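Structure file query.csv with CSV, C-alpha atoms:
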chain,number,residue,atom,x,y,z
A,165,MET,CA,92.1,110.1,82.8
A,166,LEU,CA,95.7,108.9,83.2
A,167,LEU,CA,95.2,105.2,83.6
A,168,THR,CA,97.7,102.6,84.7
A,169,ASP,CA,97.6,98.9,85.7
A,170,SER,CA,100.3,97.5,88.1
A,171,HIS,CA,99.4,93.8,87.5
A,172,LEU,CA,97.9,91.9,84.6
A,173,HIS,CA,98.7,88.9,82.4
A,174,LEU,CA,99.0,89.9,78.7
A,175,SER,CA,100.2,86.4,77.8
A,176,ASP,CA,96.8,85.1,78.7
A,177,ARG,CA,95.2,87.2,75.9
A,178,ILE,CA,93.3,90.2,77.1
A,179,GLY,CA,90.4,91.1,75.0
A,180,SER,CA,88.2,94.2,74.8
A,181,GLU,CA,85.2,92.2,76.0
A,182,VAL,CA,87.1,91.6,79.3
A,183,TYR,CA,89.0,94.9,79.6
A,184,GLY,CA,87.1,97.6,77.8
A,185,ASP,CA,89.6,100.5,78.3
A,186,PHE,CA,92.8,98.5,78.0
A,187,ASP,CA,93.9,100.5,75.0
A,188,SER,CA,93.5,103.7,77.1
A,189,LEU,CA,96.2,102.7,79.6
A,190,GLU,CA,99.3,104.9,79.7
A,191,SER,CA,101.4,102.1,81.2
A,192,TYR,CA,101.0,98.6,82.8
A,193,VAL,CA,103.1,95.7,84.3
A,194,THR,CA,102.4,92.4,82.7
A,195,CYS,CA,103.5,89.3,84.7
A,196,VAL,CA,104.6,86.0,83.2
A,197,ALA,CA,104.3,83.5,86.0
A,198,ARG,CA,105.3,80.1,84.6
A,199,VAL,CA,108.6,79.0,83.2
A,200,GLN,CA,107.0,77.6,80.0
A,201,GLU,CA,105.7,81.1,79.2
A,202,TRP,CA,108.9,83.0,79.8
A,203,GLY,CA,109.4,83.3,76.0
A,204,PHE,CA,106.5,85.7,75.9
A,205,SER,CA,107.2,89.4,75.2
A,206,THR,CA,105.5,92.4,73.7
A,207,ASP,CA,106.7,95.4,71.8
A,208,ASP,CA,104.0,97.6,73.3
A,209,PRO,CA,105.9,100.6,74.6
A,210,ARG,CA,103.5,100.9,77.5
A,211,ALA,CA,104.4,97.5,78.9
A,212,THR,CA,106.8,96.6,81.6
A,213,MET,CA,107.6,92.9,81.5
A,214,SER,CA,107.9,90.9,84.7
A,215,TYR,CA,109.0,87.2,84.9
A,216,GLY,CA,108.9,84.8,87.7
A,217,VAL,CA,107.5,81.5,89.1
A,218,HIS,CA,104.1,81.8,90.8
A,219,PRO,CA,103.8,79.9,94.1
A,220,TRP,CA,101.2,77.6,92.5
A,221,TYR,CA,104.0,76.4,90.2
A,222,CYS,CA,106.8,76.3,92.6
A,223,GLU,CA,107.9,72.9,91.5
A,224,GLU,CA,109.1,74.5,88.3
A,225,TRP,CA,111.9,76.3,90.3
A,226,ASN,CA,115.3,74.7,90.2
A,227,GLU,CA,118.9,75.5,89.4
A,228,GLU,CA,118.3,75.5,85.7
A,229,THR,CA,115.3,77.9,85.8
A,230,ALA,CA,117.0,80.1,88.4
A,231,LYS,CA,119.9,80.6,85.9
A,232,ARG,CA,117.5,81.1,83.0
A,233,LEU,CA,115.6,83.9,85.0
A,234,GLU,CA,118.9,85.6,85.7
A,235,ILE,CA,119.8,85.5,82.0
A,236,ILE,CA,116.4,87.1,81.1
A,237,LEU,CA,117.0,89.9,83.6
A,238,GLU,CA,120.6,90.5,82.5
A,239,SER,CA,119.4,90.7,78.8
A,240,ASN,CA,116.6,93.1,79.6
A,241,PRO,CA,117.4,95.8,82.2
A,242,LYS,CA,113.8,96.9,82.2
A,243,ALA,CA,112.4,93.5,83.1
A,244,GLN,CA,111.2,92.9,86.7
A,245,VAL,CA,110.6,89.9,88.8
A,246,GLY,CA,107.1,88.4,89.4
A,247,GLU,CA,104.6,87.1,90.0
A,248,ILE,CA,106.3,85.4,92.9
A,249,GLY,CA,105.1,84.8,96.5
A,250,LEU,CA,103.3,82.5,98.9
A,251,ASP,CA,99.7,81.1,99.0
A,252,SER,CA,98.2,79.3,101.9
A,253,LYS,CA,95.2,78.1,100.0
A,254,ARG,CA,96.9,76.1,97.3
A,255,GLY,CA,99.6,73.6,97.8
A,256,THR,CA,101.9,73.9,100.9
A,257,VAL,CA,103.6,77.1,101.9
A,258,GLU,CA,106.7,75.1,103.0
A,259,SER,CA,107.1,74.0,99.4
A,260,GLN,CA,106.7,77.5,98.1
A,261,VAL,CA,109.2,79.2,100.4
A,262,PRO,CA,112.5,78.2,98.6
A,263,SER,CA,111.4,79.6,95.2
A,264,PHE,CA,109.9,82.7,96.8
A,265,LYS,CA,113.0,83.5,98.8
A,266,ALA,CA,115.4,82.8,95.9
A,267,GLN,CA,113.5,85.0,93.5
A,268,LEU,CA,113.1,87.8,96.0
A,269,SER,CA,116.9,87.6,96.6
A,270,LEU,CA,117.5,87.8,92.9
A,271,ALA,CA,115.3,90.9,92.5
A,272,SER,CA,117.2,92.5,95.4
A,273,ARG,CA,120.6,91.6,94.0
A,274,MET,CA,119.7,92.9,90.5
A,275,ASP,CA,117.8,96.0,91.6
A,276,ARG,CA,114.5,95.0,90.2
A,277,VAL,CA,110.9,95.4,91.3
A,278,ALA,CA,109.3,92.2,92.8
A,279,SER,CA,105.6,91.6,92.3
A,280,VAL,CA,104.5,89.5,95.2
A,281,HIS,CA,101.4,87.3,95.5
A,282,ASP,CA,100.4,86.8,99.2
A,283,ILE,CA,97.4,84.8,100.3
A,284,GLY,CA,97.2,84.3,104.1
A,285,CYS,CA,101.0,84.5,104.5
A,286,GLU,CA,101.5,88.1,105.5
A,287,GLU,CA,103.8,87.3,108.4
A,288,LYS,CA,106.1,85.1,106.3
A,289,VAL,CA,106.1,87.5,103.4
A,290,LEU,CA,106.9,90.5,105.7
A,291,LYS,CA,109.8,88.6,107.3
A,292,SER,CA,111.2,87.7,103.9
A,293,VAL,CA,110.9,91.3,102.7
A,294,ARG,CA,112.8,92.5,105.7
A,295,GLU,CA,115.5,89.9,105.4
A,296,LEU,CA,115.9,89.6,101.6
A,297,GLY,CA,114.2,92.5,99.8
A,298,LYS,CA,116.0,95.5,101.1
A,299,SER,CA,117.8,96.2,97.8
A,300,CYS,CA,114.8,95.6,95.5
A,301,ARG,CA,114.0,98.6,93.4
A,302,GLY,CA,110.5,98.2,94.7
A,303,ILE,CA,108.1,95.6,96.0
A,304,ILE,CA,104.5,95.5,94.8
A,305,LEU,CA,102.1,93.5,96.9
A,306,HIS,CA,99.7,92.1,94.4
A,307,SER,CA,95.9,92.2,95.1
A,308,TYR,CA,96.6,93.5,98.6
A,309,SER,CA,93.8,93.0,101.2
A,310,SER,CA,95.1,92.8,104.7
A,311,ASP,CA,94.5,96.0,106.7
A,312,SER,CA,96.3,94.6,109.8
A,313,TYR,CA,99.6,94.5,108.0
A,314,ILE,CA,99.5,97.9,106.2
A,315,LYS,CA,101.8,99.8,108.6
A,316,PRO,CA,104.7,97.3,108.7
A,317,PHE,CA,104.6,96.8,104.9
A,318,VAL,CA,104.5,100.5,104.3
A,319,GLY,CA,107.4,100.8,106.8
A,320,GLU,CA,109.4,98.6,104.4
A,321,GLY,CA,108.6,100.8,101.4
A,322,CYS,CA,106.2,98.3,99.8
A,323,MET,CA,103.5,99.4,97.4
A,324,LEU,CA,100.0,98.0,98.0
A,325,SER,CA,98.2,97.2,94.8
A,326,ILE,CA,94.4,96.9,95.0
A,327,ASN,CA,92.3,94.7,92.7
A,328,PRO,CA,88.6,95.0,91.8
A,329,ARG,CA,88.0,91.8,93.6
A,330,ILE,CA,88.3,93.9,96.8
A,331,LEU,CA,84.9,95.4,96.0
A,332,THR,CA,83.2,92.2,97.1
A,333,ARG,CA,84.1,93.1,100.7
A,334,SER,CA,81.6,94.8,103.0
A,335,GLU,CA,81.6,98.5,102.9
A,336,VAL,CA,83.0,98.7,106.5
A,337,ARG,CA,86.0,96.5,105.7
A,338,LEU,CA,86.6,98.1,102.3
A,339,ASN,CA,86.5,101.6,103.8
A,340,ARG,CA,88.8,100.6,106.6
A,341,LEU,CA,91.4,99.2,104.2
A,342,LEU,CA,91.4,102.0,101.8
A,343,LYS,CA,91.4,104.7,104.4
A,344,ALA,CA,94.5,103.1,106.0
A,345,ILE,CA,96.7,102.9,102.9
A,346,PRO,CA,98.8,106.0,102.4
A,347,LEU,CA,98.1,107.4,98.9
A,348,GLU,CA,101.8,107.4,98.1
A,349,ASN,CA,101.8,103.6,98.6
A,350,LEU,CA,98.7,102.9,96.6
A,351,LEU,CA,98.6,101.2,93.2
A,352,LEU,CA,95.6,99.8,91.2
A,353,GLU,CA,95.5,96.7,89.2
A,354,THR,CA,93.1,94.3,87.4
A,355,ASP,CA,94.9,90.9,87.2
A,356,SER,CA,93.3,90.8,83.8
A,357,PRO,CA,92.1,88.7,82.2
A,358,HIS,CA,91.3,87.0,85.5
A,359,VAL,CA,88.9,89.8,86.5
A,360,SER,CA,86.0,89.8,88.9
A,361,LYS,CA,82.4,89.6,87.8
A,362,GLY,CA,81.1,93.1,86.9
A,363,PHE,CA,84.5,94.5,86.0
A,364,SER,CA,84.2,96.9,83.0
A,365,GLY,CA,87.5,98.8,83.0
A,366,MET,CA,90.1,100.7,84.9
A,367,GLU,CA,88.4,104.1,84.6
A,368,ASP,CA,85.3,102.8,86.5
A,369,PHE,CA,87.6,101.1,89.1
A,370,VAL,CA,89.5,104.4,89.7
A,371,THR,CA,86.2,106.3,90.0
A,372,THR,CA,84.9,103.8,92.6
A,373,ILE,CA,88.0,103.8,94.7
A,374,SER,CA,88.2,107.6,94.6
A,375,GLY,CA,85.0,107.7,96.6
A,376,TYR,CA,86.6,105.8,99.4
A,377,VAL,CA,89.8,107.8,99.5
A,378,GLU,CA,88.0,111.1,99.0
A,379,VAL,CA,90.1,112.2,96.1
A,380,GLU,CA,88.7,113.3,92.7
A,381,PRO,CA,89.0,110.5,90.1
A,382,GLU,CA,91.3,112.4,87.8
A,383,GLU,CA,93.6,113.4,90.6
A,384,LEU,CA,93.6,109.8,92.0
A,385,ALA,CA,94.6,108.4,88.6
A,386,ARG,CA,97.4,111.0,88.4
A,387,ILE,CA,98.7,110.0,91.8
A,388,ILE,CA,98.5,106.3,91.0
A,389,ALA,CA,100.4,106.8,87.7
A,390,GLY,CA,103.1,108.7,89.6
A,391,ASN,CA,103.4,106.0,92.2
A,392,LEU,CA,103.8,103.3,89.5
A,393,ARG,CA,106.3,105.4,87.6
A,394,ARG,CA,108.4,106.0,90.7
A,395,THR,CA,108.3,102.4,91.7
A,396,LEU,CA,109.5,101.1,88.3
A,397,ASN,CA,112.2,103.8,87.9
A,398,GLY,CA,113.5,103.6,91.5
Once you've parsed the file, please lay out its structure as structure tokens.
Amino acid sequence: MLLTDSHLHLSDRIGSEVYGDFDSLESYVTCVARVQEWGFSTDDPRATMSYGVHPWYCEEWNEETAKRLEIILESNPKAQVGEIGLDSKRGTVESQVPSFKAQLSLASRMDRVASVHDIGCEEKVLKSVRELGKSCRGIILHSYSSDSYIKPFVGEGCMLSINPRILTRSEVRLNRLLKAIPLENLLLETDSPHVSKGFSGMEDFVTTISGYVEVEPEELARIIAGNLRRTLNG
């Protein structure tokens, strides 16, 4: 099976006991979400590096770090921007907005993919995407779960990345969400090593999701891999 992962954190040390089939991935995006960790990199040819300031750490964003991120992106044309975004459950959204908008604007200006964290801030994220993200190579909405905003986000060309934590939802809600996402906008991720209880690997996750979208597992994995490749390559 052609396995990919659109969002994980390699800098947090992913072990086989957490992610059993990590070595089987064809490609993955690894996010570095704190300034103090921006020195991390990997020579794994499967990896796409992504650098940003997570909303939980928005106080780390300033003129100096903004310039440093721009230098990182200039020195590595394959590097993307993220994990960035807004989170209504930790800190204040108002304090997160400046760093989110600045990083989204940078991704747009430099033709990069933005990986966006969104907890309870769909309206604000959508508005920012419309105003500032038009020239991004792509926008990946990390751990997406809001069925009510699927249509407008898809209308803006966003990719909706689903995490195994979604499996804790009721069958009705899960089925409604997955049936509503166009296959051409669907990505799968793990957020590893921050995985949900019971997670065993991407192959099992693909197989589980395939039952909801009514596509054979191997074909779904192929579609997802194509979606991620298209997003990263523009």
Name all residues at most 9 Å from Ile373 (chain A) (count all atoms listed in the file; drop same-chain ones fewer than 5 positions away) and give them as a PyMOL selection string. chain A and resi 342+368+378-379+381+384
For the atom pair CA of Asn240 (chain A) and CA of Glu227 (chain A), what is the interatomic distance in Å to one decimal place?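 Interatomic distance here is 20.3 Å.
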What's the separation between CA of Leu233 (chain A) and CA of Gln260 (chain A), in Å to one decimal place?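 CA of Leu233 (chain A) sits 17.1 Å away from CA of Gln260 (chain A).
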Exercise: Ala197 (chain A) partners within 8 Å, all atoms listed in the file, chain neighbours under 5 positions left out, as an MDAnalysis selection string: chainID A and resid 202 215:218 246:248
What separates CA of Ile326 (chain A) and CA of Leu174 (chain A) is a distance of 18.3 Å
For Leu166 (chain A), which of A:Ile314, A:Lys242, A:Ser188, A:Thr229 is the closest residue, counting only C-alpha atoms?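 Nearest candidate to Leu166 (chain A) out of A:Ile314, A:Lys242, A:Ser188, A:Thr229: A:Ser188.
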For Met213 (chain A), the nearest of the candidates A:Asn226, A:Val277, A:Leu324, A:Ile178, counting only C-alpha atoms: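 So, comparing all the options, the nearest one is A:Val277.
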